[in-house]
>>> print(open('protein27.txt').read())   # compact mmCIF, N, CA and C atoms
# COMPACT_ATOMS: atom_id res chain seq x y z
N MET H 1 -9.35 6.08 -26.13
CA MET H 1 -9.69 6.10 -24.72
C MET H 1 -8.72 5.19 -23.97
N GLU H 2 -8.11 5.73 -22.94
CA GLU H 2 -7.16 4.97 -22.13
C GLU H 2 -7.90 4.16 -21.06
N ILE H 3 -7.53 2.90 -20.94
CA ILE H 3 -8.12 2.03 -19.91
C ILE H 3 -7.22 2.07 -18.68
N ILE H 4 -7.77 2.47 -17.56
CA ILE H 4 -7.01 2.56 -16.31
C ILE H 4 -6.88 1.17 -15.70
N THR H 5 -5.63 0.77 -15.38
CA THR H 5 -5.41 -0.54 -14.78
C THR H 5 -4.95 -0.46 -13.33
N ARG H 6 -4.50 0.70 -12.90
CA ARG H 6 -4.02 0.88 -11.52
C ARG H 6 -4.61 2.16 -10.94
N VAL H 7 -4.87 2.13 -9.64
CA VAL H 7 -5.34 3.31 -8.92
C VAL H 7 -4.43 3.55 -7.74
N GLU H 8 -4.32 4.80 -7.32
CA GLU H 8 -3.51 5.15 -6.15
C GLU H 8 -4.39 5.77 -5.09
N THR H 9 -4.05 5.48 -3.84
CA THR H 9 -4.76 6.04 -2.70
C THR H 9 -3.80 6.08 -1.52
N VAL H 10 -4.30 6.48 -0.38
CA VAL H 10 -3.50 6.51 0.85
C VAL H 10 -4.08 5.47 1.80
N ALA H 11 -3.21 4.69 2.42
CA ALA H 11 -3.63 3.68 3.40
C ALA H 11 -2.90 3.94 4.71
N THR H 12 -3.47 3.45 5.79
CA THR H 12 -2.87 3.56 7.12
C THR H 12 -2.34 2.20 7.53
N ILE H 13 -1.09 2.15 7.95
CA ILE H 13 -0.48 0.88 8.35
C ILE H 13 -1.09 0.41 9.67
N ARG H 14 -1.59 -0.81 9.65
CA ARG H 14 -2.19 -1.39 10.86
C ARG H 14 -1.17 -2.26 11.60
N ARG H 15 -0.40 -3.08 10.86
CA ARG H 15 0.56 -3.99 11.50
C ARG H 15 1.74 -4.21 10.56
N VAL H 16 2.94 -3.97 11.07
CA VAL H 16 4.17 -4.20 10.30
C VAL H 16 4.54 -5.67 10.42
N LEU H 17 4.76 -6.34 9.28
CA LEU H 17 5.10 -7.76 9.26
C LEU H 17 6.59 -7.98 9.05
N SER H 18 7.22 -7.12 8.27
CA SER H 18 8.66 -7.19 8.00
C SER H 18 9.09 -5.80 7.51
N PRO H 19 10.37 -5.58 7.26
CA PRO H 19 10.79 -4.25 6.78
C PRO H 19 10.16 -3.84 5.45
N ARG H 20 9.61 -4.78 4.67
CA ARG H 20 9.04 -4.46 3.37
C ARG H 20 7.58 -4.88 3.20
N THR H 21 6.93 -5.39 4.26
CA THR H 21 5.54 -5.81 4.16
C THR H 21 4.74 -5.39 5.39
N CYS H 22 3.43 -5.25 5.19
CA CYS H 22 2.56 -4.88 6.31
C CYS H 22 1.10 -5.16 5.95
N HIS H 23 0.26 -5.07 6.96
CA HIS H 23 -1.18 -5.01 6.75
C HIS H 23 -1.55 -3.54 6.88
N ALA H 24 -2.35 -3.06 5.95
CA ALA H 24 -2.75 -1.66 5.96
C ALA H 24 -4.26 -1.57 5.73
N VAL H 25 -4.83 -0.41 6.07
CA VAL H 25 -6.27 -0.20 5.95
C VAL H 25 -6.53 0.95 4.99
N LEU H 26 -7.43 0.70 4.02
CA LEU H 26 -7.82 1.73 3.06
C LEU H 26 -8.81 2.69 3.72
N PRO H 27 -9.06 3.85 3.11
CA PRO H 27 -10.02 4.80 3.70
C PRO H 27 -11.42 4.22 3.90
N ASN H 28 -11.81 3.22 3.10
CA ASN H 28 -13.14 2.63 3.26
C ASN H 28 -13.18 1.53 4.31
N GLY H 29 -12.03 1.26 4.98
CA GLY H 29 -11.98 0.25 6.04
C GLY H 29 -11.49 -1.12 5.60
N LYS H 30 -11.30 -1.33 4.30
CA LYS H 30 -10.81 -2.62 3.79
C LYS H 30 -9.35 -2.80 4.16
N GLU H 31 -9.01 -3.97 4.72
CA GLU H 31 -7.63 -4.27 5.05
C GLU H 31 -6.95 -4.93 3.85
N ILE H 32 -5.71 -4.49 3.57
CA ILE H 32 -4.95 -5.04 2.44
C ILE H 32 -3.57 -5.48 2.91
N PHE H 33 -2.90 -6.26 2.09
CA PHE H 33 -1.51 -6.64 2.31
C PHE H 33 -0.67 -5.67 1.49
N GLY H 34 0.24 -4.96 2.15
CA GLY H 34 1.07 -3.98 1.47
C GLY H 34 2.51 -4.45 1.34
N THR H 35 3.12 -4.16 0.18
CA THR H 35 4.51 -4.53 -0.05
C THR H 35 5.28 -3.35 -0.64
N ILE H 36 6.57 -3.30 -0.34
CA ILE H 36 7.48 -2.36 -1.00
C ILE H 36 8.19 -3.16 -2.08
N GLN H 37 8.08 -2.73 -3.31
CA GLN H 37 8.68 -3.46 -4.43
C GLN H 37 10.20 -3.40 -4.38
N LYS H 38 10.86 -4.38 -4.97
CA LYS H 38 12.32 -4.46 -4.96
C LYS H 38 12.97 -3.25 -5.61
N GLU H 39 12.31 -2.65 -6.61
CA GLU H 39 12.87 -1.52 -7.33
C GLU H 39 12.93 -0.25 -6.49
N LEU H 40 12.13 -0.18 -5.44
CA LEU H 40 12.08 1.02 -4.59
C LEU H 40 12.99 0.85 -3.38
N PRO H 41 13.59 1.95 -2.94
CA PRO H 41 14.39 1.86 -1.71
C PRO H 41 13.48 1.65 -0.50
N ASP H 42 14.01 1.04 0.53
CA ASP H 42 13.25 0.87 1.78
C ASP H 42 12.88 2.23 2.34
N PHE H 43 11.74 2.31 2.98
CA PHE H 43 11.38 3.47 3.78
C PHE H 43 10.75 2.93 5.06
N PRO H 44 10.83 3.69 6.14
CA PRO H 44 10.37 3.16 7.43
C PRO H 44 8.87 2.88 7.44
N LEU H 45 8.51 1.73 7.93
CA LEU H 45 7.11 1.36 8.13
C LEU H 45 6.82 1.42 9.62
N ALA H 46 5.78 2.14 9.99
CA ALA H 46 5.41 2.27 11.40
C ALA H 46 3.90 2.18 11.52
N GLU H 47 3.44 1.43 12.51
CA GLU H 47 2.01 1.31 12.73
C GLU H 47 1.39 2.68 12.95
N GLY H 48 0.28 2.94 12.26
CA GLY H 48 -0.41 4.21 12.37
C GLY H 48 0.01 5.24 11.35
N SER H 49 1.11 5.01 10.63
CA SER H 49 1.55 5.99 9.63
C SER H 49 0.81 5.78 8.31
N SER H 50 0.77 6.82 7.50
CA SER H 50 0.09 6.78 6.21
C SER H 50 1.09 6.56 5.09
N VAL H 51 0.69 5.77 4.09
CA VAL H 51 1.54 5.49 2.93
C VAL H 51 0.72 5.61 1.65
N ARG H 52 1.38 6.01 0.57
CA ARG H 52 0.75 5.99 -0.74
C ARG H 52 0.77 4.56 -1.25
N VAL H 53 -0.36 4.11 -1.79
CA VAL H 53 -0.49 2.73 -2.23
C VAL H 53 -1.02 2.70 -3.67
N ARG H 54 -0.42 1.84 -4.50
CA ARG H 54 -0.91 1.63 -5.86
C ARG H 54 -1.48 0.21 -5.93
N MET H 55 -2.73 0.11 -6.44
CA MET H 55 -3.40 -1.20 -6.52
C MET H 55 -3.91 -1.44 -7.93
N HIS H 56 -3.99 -2.69 -8.32
CA HIS H 56 -4.55 -3.08 -9.60
C HIS H 56 -6.07 -3.03 -9.47
N VAL H 57 -6.76 -2.56 -10.48
CA VAL H 57 -8.21 -2.40 -10.39
C VAL H 57 -8.96 -3.72 -10.25
N CYS H 58 -8.31 -4.83 -10.60
CA CYS H 58 -8.97 -6.14 -10.50
C CYS H 58 -8.76 -6.83 -9.16
N ASP H 59 -7.86 -6.28 -8.32
CA ASP H 59 -7.55 -6.96 -7.05
C ASP H 59 -7.19 -5.93 -5.98
N PHE H 60 -8.14 -5.63 -5.12
CA PHE H 60 -7.89 -4.67 -4.04
C PHE H 60 -7.47 -5.37 -2.75
N SER H 61 -6.95 -6.60 -2.82
CA SER H 61 -6.52 -7.29 -1.61
C SER H 61 -5.08 -6.97 -1.25
N TYR H 62 -4.31 -6.42 -2.19
CA TYR H 62 -2.93 -6.05 -1.90
C TYR H 62 -2.58 -4.76 -2.63
N GLY H 63 -1.53 -4.09 -2.16
CA GLY H 63 -1.11 -2.86 -2.80
C GLY H 63 0.39 -2.70 -2.74
N GLU H 64 0.91 -2.00 -3.73
CA GLU H 64 2.34 -1.67 -3.76
C GLU H 64 2.53 -0.34 -3.05
N MET H 65 3.28 -0.33 -1.98
CA MET H 65 3.50 0.90 -1.22
C MET H 65 4.56 1.73 -1.93
N MET H 66 4.21 2.99 -2.21
CA MET H 66 5.08 3.86 -3.00
C MET H 66 5.89 4.82 -2.14
N GLY H 67 5.50 5.04 -0.92
CA GLY H 67 6.23 5.95 -0.03
C GLY H 67 5.35 6.50 1.06
N ALA H 68 5.97 7.06 2.06
CA ALA H 68 5.23 7.65 3.17
C ALA H 68 4.59 8.96 2.73
N VAL H 69 3.48 9.29 3.37
CA VAL H 69 2.78 10.55 3.07
C VAL H 69 3.30 11.63 3.97
>>> encode(input="protein27.txt", output="structure tokens")
Amino acid sequence: MEIITRVETVATIRRVLSPRTCHAVLPNGKEIFGTIQKELPDFPLAEGSSVRVRMHVCDFSYGEMMGAV
């Protein structure tokens, strides 16, 4: 049996903090801190846009942004 350690969902960007970080909102209304990892190329962050987010199952306070939807 495989133990799942990460989940993916879609979040909406609420506030852009820098070219690689933002505050985003999950579908349930929880606000998270989103980051683009160094291994991924930059993609445009814009308030109100949707992004794919990967989060660790033990900590839903931040997510790794994987790309725009």
>>> atom_distance(input="protein27.txt", atom1="atom C of H:Ser49", atom2="atom C of H:Ser18")
14.3 Å
>>> residues_around(input="protein27.txt", residues="H:Leu40", least_positions_apart="2", cutoff="10 Å", atoms="only C-alpha atoms", output="PDB file with N, CA and C atoms, in the frame of the given file")
ATOM      1  N   ILE H  36       6.570  -3.300  -0.340  1.00  0.00           N
ATOM      2  CA  ILE H  36       7.480  -2.360  -1.000  1.00  0.00           C
ATOM      3  C   ILE H  36       8.190  -3.160  -2.080  1.00  0.00           C
ATOM      4  N   GLN H  37       8.080  -2.730  -3.310  1.00  0.00           N
ATOM      5  CA  GLN H  37       8.680  -3.460  -4.430  1.00  0.00           C
ATOM      6  C   GLN H  37      10.200  -3.400  -4.380  1.00  0.00           C
ATOM      7  N   LYS H  38      10.860  -4.380  -4.970  1.00  0.00           N
ATOM      8  CA  LYS H  38      12.320  -4.460  -4.960  1.00  0.00           C
ATOM      9  C   LYS H  38      12.970  -3.250  -5.610  1.00  0.00           C
ATOM     10  N   ASP H  42      14.010   1.040   0.530  1.00  0.00           N
ATOM     11  CA  ASP H  42      13.250   0.870   1.780  1.00  0.00           C
ATOM     12  C   ASP H  42      12.880   2.230   2.340  1.00  0.00           C
ATOM     13  N   PHE H  43      11.740   2.310   2.980  1.00  0.00           N
ATOM     14  CA  PHE H  43      11.380   3.470   3.780  1.00  0.00           C
ATOM     15  C   PHE H  43      10.750   2.930   5.060  1.00  0.00           C
ATOM     16  N   MET H  65       3.280  -0.330  -1.980  1.00  0.00           N
ATOM     17  CA  MET H  65       3.500   0.900  -1.220  1.00  0.00           C
ATOM     18  C   MET H  65       4.560   1.730  -1.930  1.00  0.00           C
ATOM     19  N   MET H  66       4.210   2.990  -2.210  1.00  0.00           N
ATOM     20  CA  MET H  66       5.080   3.860  -3.000  1.00  0.00           C
ATOM     21  C   MET H  66       5.890   4.820  -2.140  1.00  0.00           C
ATOM     22  N   GLY H  67       5.500   5.040  -0.920  1.00  0.00           N
ATOM     23  CA  GLY H  67       6.230   5.950  -0.030  1.00  0.00           C
ATOM     24  C   GLY H  67       5.350   6.500   1.060  1.00  0.00           C
TER      25      GLY H  67
END
>>> atom_distance(input="protein27.txt", atom1="atom CA of H:Glu64", atom2="atom CA of H:Thr35")
5.2 Å
>>> atom_distance(input="protein27.txt", atom1="atom CA of H:Val25", atom2="atom CA of H:Ile3")
26.0 Å
>>> select_by_dssp(input="protein27.txt", residues="chain H", states="strand (DSSP E or B)", output="count of residues only")
40
